[in-house]
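What's in structure36.pdb: PDB, C-alpha atoms
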ATOM      1  CA  MET W   1       0.000   0.000   0.000
ATOM      2  CA  ALA W   2       2.875   2.363   0.754
ATOM      3  CA  GLU W   3       4.268   1.713  -2.729
ATOM      4  CA  ARG W   4       0.912   2.566  -4.311
ATOM      5  CA  THR W   5       0.663   5.794  -2.300
ATOM      6  CA  ALA W   6       4.179   6.776  -3.338
ATOM      7  CA  LEU W   7       3.387   6.015  -6.994
ATOM      8  CA  GLU W   8       0.185   8.083  -6.828
ATOM      9  CA  SER W   9       2.081  10.999  -5.257
ATOM     10  CA  GLU W  10       4.770  10.874  -7.938
ATOM     11  CA  ILE W  11       2.181  10.795 -10.742
ATOM     12  CA  ILE W  12       0.252  13.693  -9.222
ATOM     13  CA  ARG W  13       3.460  15.753  -8.937
ATOM     14  CA  LYS W  14       4.320  14.917 -12.576
ATOM     15  CA  CYS W  15       0.884  16.043 -13.772
ATOM     16  CA  LEU W  16       0.919  19.229 -11.696
ATOM     17  CA  SER W  17       4.386  20.201 -12.952
ATOM     18  CA  ARG W  18       3.376  20.013 -16.629
ATOM     19  CA  SER W  19       2.284  23.155 -18.443
ATOM     20  CA  GLU W  20      -1.043  23.562 -20.212
ATOM     21  CA  LEU W  21       0.792  23.494 -23.538
ATOM     22  CA  GLN W  22       2.048  19.961 -22.947
ATOM     23  CA  CYS W  23       0.183  16.835 -23.953
ATOM     24  CA  SER W  24      -2.220  15.213 -21.464
ATOM     25  CA  PHE W  25      -0.592  11.793 -21.865
ATOM     26  CA  LEU W  26       2.593  10.530 -20.266
ATOM     27  CA  GLU W  27       4.259   7.221 -19.548
ATOM     28  CA  TYR W  28       5.593   6.628 -16.073
ATOM     29  CA  ARG W  29       7.039   3.414 -14.599
ATOM     30  CA  GLY W  30       5.140   1.137 -16.963
ATOM     31  CA  TYR W  31       1.857   3.042 -16.642
ATOM     32  CA  LYS W  32       0.175   5.111 -19.281
ATOM     33  CA  VAL W  33      -1.157   8.203 -17.492
ATOM     34  CA  ILE W  34      -3.950  10.285 -18.994
ATOM     35  CA  TYR W  35      -5.073  13.426 -17.203
ATOM     36  CA  ARG W  36      -7.245  16.451 -17.787
ATOM     37  CA  ARG W  37      -7.581  19.677 -15.859
ATOM     38  CA  TYR W  38     -10.962  21.312 -15.342
ATOM     39  CA  ALA W  39     -10.593  24.656 -13.530
ATOM     40  CA  SER W  40      -8.868  23.648 -10.270
ATOM     41  CA  LEU W  41      -9.678  19.921 -10.533
ATOM     42  CA  PHE W  42      -7.344  17.334 -12.044
ATOM     43  CA  PHE W  43      -8.788  14.011 -13.202
ATOM     44  CA  ILE W  44      -6.102  11.356 -13.657
ATOM     45  CA  VAL W  45      -6.468   7.860 -15.130
ATOM     46  CA  GLY W  46      -3.627   5.351 -15.141
ATOM     47  CA  THR W  47      -3.572   2.194 -17.242
ATOM     48  CA  LYS W  48      -1.221  -0.734 -17.381
ATOM     49  CA  ALA W  49      -0.761  -3.541 -19.917
ATOM     50  CA  ASP W  50      -3.022  -6.575 -19.433
ATOM     51  CA  LEU W  51      -1.700  -9.100 -16.950
ATOM     52  CA  ASP W  52      -2.544 -11.890 -19.415
ATOM     53  CA  ALA W  53      -0.163 -10.411 -21.978
ATOM     54  CA  GLY W  54       2.844 -11.208 -19.806
ATOM     55  CA  PRO W  55       5.741  -9.087 -18.540
ATOM     56  CA  GLY W  56       7.017  -6.379 -20.853
ATOM     57  CA  ALA W  57       3.812  -6.379 -22.911
ATOM     58  CA  GLU W  58       2.732  -3.214 -24.652
ATOM     59  CA  ASN W  59      -0.073  -1.133 -23.141
ATOM     60  CA  LYS W  60      -2.653  -0.879 -25.916
ATOM     61  CA  GLU W  61      -5.121   1.346 -24.093
ATOM     62  CA  ASN W  62      -6.539   4.136 -26.251
ATOM     63  CA  GLU W  63      -5.431   7.488 -24.813
ATOM     64  CA  LEU W  64      -8.108   9.485 -26.613
ATOM     65  CA  GLY W  65     -10.755   7.044 -25.374
ATOM     66  CA  MET W  66      -9.585   7.595 -21.793
ATOM     67  CA  LEU W  67      -9.562  11.361 -22.311
ATOM     68  CA  GLU W  68     -13.144  11.121 -23.601
ATOM     69  CA  PHE W  69     -14.050   9.019 -20.547
ATOM     70  CA  ILE W  70     -12.710  11.745 -18.253
ATOM     71  CA  HIS W  71     -14.704  14.346 -20.179
ATOM     72  CA  THR W  72     -17.879  12.254 -19.946
ATOM     73  CA  LEU W  73     -17.314  11.766 -16.209
ATOM     74  CA  VAL W  74     -16.944  15.516 -15.654
ATOM     75  CA  GLU W  75     -20.007  16.315 -17.790
ATOM     76  CA  THR W  76     -22.038  13.747 -15.849
ATOM     77  CA  MET W  77     -20.852  15.181 -12.536
ATOM     78  CA  ASP W  78     -21.727  18.679 -13.762
ATOM     79  CA  LYS W  79     -25.237  17.560 -14.650
ATOM     80  CA  TRP W  80     -25.605  15.869 -11.255
ATOM     81  CA  ALA W  81     -24.183  18.645  -9.036
ATOM     82  CA  GLY W  82     -24.514  21.762 -11.145
ATOM     83  CA  SER W  83     -21.018  23.108 -11.622
ATOM     84  CA  ILE W  84     -18.761  20.473 -10.026
ATOM     85  CA  CYS W  85     -16.129  21.643  -7.551
ATOM     86  CA  GLU W  86     -13.862  20.160  -4.888
ATOM     87  CA  LEU W  87     -16.464  20.579  -2.161
ATOM     88  CA  ASP W  88     -19.080  18.619  -4.113
ATOM     89  CA  ILE W  89     -16.650  15.733  -4.401
ATOM     90  CA  MET W  90     -15.463  15.938  -0.784
ATOM     91  CA  TYR W  91     -18.871  16.188   0.873
ATOM     92  CA  GLN W  92     -20.679  13.764  -1.416
ATOM     93  CA  LEU W  93     -17.899  11.241  -1.956
ATOM     94  CA  GLU W  94     -20.208   8.233  -1.616
ATOM     95  CA  GLN W  95     -22.401   9.495  -4.452
ATOM     96  CA  VAL W  96     -19.340  10.259  -6.585
ATOM     97  CA  HIS W  97     -18.123   6.686  -6.031
ATOM     98  CA  PHE W  98     -21.582   5.406  -6.962
ATOM     99  CA  LEU W  99     -21.489   7.505 -10.135
ATOM    100  CA  VAL W 100     -18.054   6.155 -11.127
ATOM    101  CA  ASN W 101     -19.208   2.607 -10.313
ATOM    102  CA  GLU W 102     -22.139   3.080 -12.688
ATOM    103  CA  MET W 103     -19.656   3.976 -15.440
ATOM    104  CA  VAL W 104     -16.818   1.517 -14.753
ATOM    105  CA  MET W 105     -17.057  -2.134 -13.833
ATOM    106  CA  ASN W 106     -14.113  -4.465 -13.303
ATOM    107  CA  GLY W 107     -11.759  -1.995 -14.985
ATOM    108  CA  TYR W 108     -13.886  -1.603 -18.107
ATOM    109  CA  ILE W 109     -16.070   1.319 -19.133
ATOM    110  CA  VAL W 110     -19.591  -0.098 -19.272
ATOM    111  CA  GLU W 111     -21.818   2.988 -19.459
ATOM    112  CA  THR W 112     -21.368   6.449 -20.946
ATOM    113  CA  ASN W 113     -24.982   7.591 -21.272
ATOM    114  CA  ARG W 114     -25.490  10.354 -18.683
ATOM    115  CA  ILE W 115     -29.212   9.675 -18.315
ATOM    116  CA  ASN W 116     -28.623   5.988 -17.527
ATOM    117  CA  ILE W 117     -25.826   6.847 -15.096
ATOM    118  CA  LEU W 118     -27.825   9.458 -13.183
ATOM    119  CA  LYS W 119     -31.115   7.547 -13.056
ATOM    120  CA  PRO W 120     -30.218   5.400  -9.988
ATOM    121  CA  ILE W 121     -28.778   8.415  -8.149
ATOM    122  CA  ASP W 122     -31.958  10.409  -8.802
ATOM    123  CA  LEU W 123     -34.054   7.485  -7.565
ATOM    124  CA  ILE W 124     -32.040   7.246  -4.335
ATOM    125  CA  GLU W 125     -32.295  11.018  -3.773
ATOM    126  CA  ARG W 126     -36.079  11.023  -4.397
ATOM    127  CA  GLU W 127     -36.619   8.074  -2.049
ATOM    128  CA  GLY W 128     -34.453   9.715   0.591
ATOM    129  CA  LYS W 129     -36.654  12.824   0.549
ATOM    130  CA  LYS W 130     -39.873  10.865   1.150
ATOM    131  CA  ASP W 131     -41.076  10.496   4.732
ATOM    132  CA  GLU W 132     -41.568   6.757   4.360
ATOM    133  CA  GLY W 133     -39.014   5.988   1.684
ATOM    134  CA  MET W 134     -37.414   2.585   1.298
ATOM    135  CA  PHE W 135     -34.062   3.978   2.503
ATOM    136  CA  ARG W 136     -35.328   5.147   5.933
TER     137      ARG W 136
END
In structure tokens, write the structure found in this file.
Amino acid sequence: MAERTALESEIIRKCLSRSELQCSFLEYRGYKVIYRRYASLFFIVGTKADLDAGPGAENKENELGMLEFIHTLVETMDKWAGSICELDIMYQLEQVHFLVNEMVMNGYIVETNRINILKPIDLIEREGKKDEGMFR
């Protein structure tokens, strides 16, 4: 776990040190890192070659596809919370995790339709507001 934390810190520092004129893709210690900055928020996705491919295998993940995933995630979060900011993510982390889990399953992107992603969250919020909702 300490190694993962150190790796995450190094990747975050790398992304923060890059200028806006530089590309949003970089390779670092066998990982392909794709990031995008929205105002003061950085969204970072790291991919690694498939374990089935063996050691030294090439990472064939599509960088533009990952960049589009980040954009879709931010658009979905904007639709859910208005204009997304750090406080929305910090104070509603469970809902943000739920939103990401609706989009990604077992490391694969399974849903990109905002309406389908937000439907369960809206249902939970509506039920939570009822006096005798199923979640009380």
Just say which residues the PyMOL selection byres ((chain W and resi 33) around 9) picks in this file, as a PDB file with C-alpha atoms, in the frame of the given file.
ATOM      1  CA  ILE W  11       2.181  10.795 -10.742  1.00  0.00           C
ATOM      2  CA  CYS W  15       0.884  16.043 -13.772  1.00  0.00           C
ATOM      3  CA  SER W  24      -2.220  15.213 -21.464  1.00  0.00           C
ATOM      4  CA  PHE W  25      -0.592  11.793 -21.865  1.00  0.00           C
ATOM      5  CA  LEU W  26       2.593  10.530 -20.266  1.00  0.00           C
ATOM      6  CA  GLU W  27       4.259   7.221 -19.548  1.00  0.00           C
ATOM      7  CA  TYR W  28       5.593   6.628 -16.073  1.00  0.00           C
ATOM      8  CA  TYR W  31       1.857   3.042 -16.642  1.00  0.00           C
ATOM      9  CA  LYS W  32       0.175   5.111 -19.281  1.00  0.00           C
ATOM     10  CA  ILE W  34      -3.950  10.285 -18.994  1.00  0.00           C
ATOM     11  CA  TYR W  35      -5.073  13.426 -17.203  1.00  0.00           C
ATOM     12  CA  ILE W  44      -6.102  11.356 -13.657  1.00  0.00           C
ATOM     13  CA  VAL W  45      -6.468   7.860 -15.130  1.00  0.00           C
ATOM     14  CA  GLY W  46      -3.627   5.351 -15.141  1.00  0.00           C
ATOM     15  CA  THR W  47      -3.572   2.194 -17.242  1.00  0.00           C
ATOM     16  CA  LYS W  48      -1.221  -0.734 -17.381  1.00  0.00           C
ATOM     17  CA  GLU W  63      -5.431   7.488 -24.813  1.00  0.00           C
TER      18      GLU W  63
END
The PyMOL selection byres ((chain W and resi 69) around 10) resolved against shown file, as JSON, numbers by chain:
{"W": [45, 63, 64, 65, 66, 67, 68, 70, 71, 72, 73, 74, 75, 103, 104, 109, 111, 112]}
Kindly save the residues from that selection, with C-alpha atoms included, as a tab-separated table (two decimals), keeping the file's coordinate frame.
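Saved result, selection_28.tsv, follows:
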chain	number	residue	atom	x	y	z
W	45	VAL	CA	-6.47	7.86	-15.13
W	63	GLU	CA	-5.43	7.49	-24.81
W	64	LEU	CA	-8.11	9.48	-26.61
W	65	GLY	CA	-10.76	7.04	-25.37
W	66	MET	CA	-9.59	7.60	-21.79
W	67	LEU	CA	-9.56	11.36	-22.31
W	68	GLU	CA	-13.14	11.12	-23.60
W	70	ILE	CA	-12.71	11.74	-18.25
W	71	HIS	CA	-14.70	14.35	-20.18
W	72	THR	CA	-17.88	12.25	-19.95
W	73	LEU	CA	-17.31	11.77	-16.21
W	74	VAL	CA	-16.94	15.52	-15.65
W	75	GLU	CA	-20.01	16.32	-17.79
W	103	MET	CA	-19.66	3.98	-15.44
W	104	VAL	CA	-16.82	1.52	-14.75
W	109	ILE	CA	-16.07	1.32	-19.13
W	111	GLU	CA	-21.82	2.99	-19.46
W	112	THR	CA	-21.37	6.45	-20.95
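You can rank W:Gly30, W:Glu102, W:Arg126, W:Leu21 by their closest distance to Glu58 (chain W) using only C-alpha atoms, and at the top of that list sits W:Gly30.
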d(CA of Phe98 (chain W), CA of Leu118 (chain W)) in Å:
9.7 Å
When you count all atoms listed in the file, which of these residues is closest to Ile124 (chain W): W:Arg37, W:Leu7, W:Asn62, W:Gln95?
W:Gln95
So how far away is CA of Asp122 (chain W) from CA of Phe42 (chain W), in Å?
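Value for the CA of Phe42 (chain W)-CA of Asp122 (chain W) distance: 25.8 Å.
Here CA of Trp80 (chain W) is placed at a distance of 10.1 Å from CA of Lys119 (chain W).
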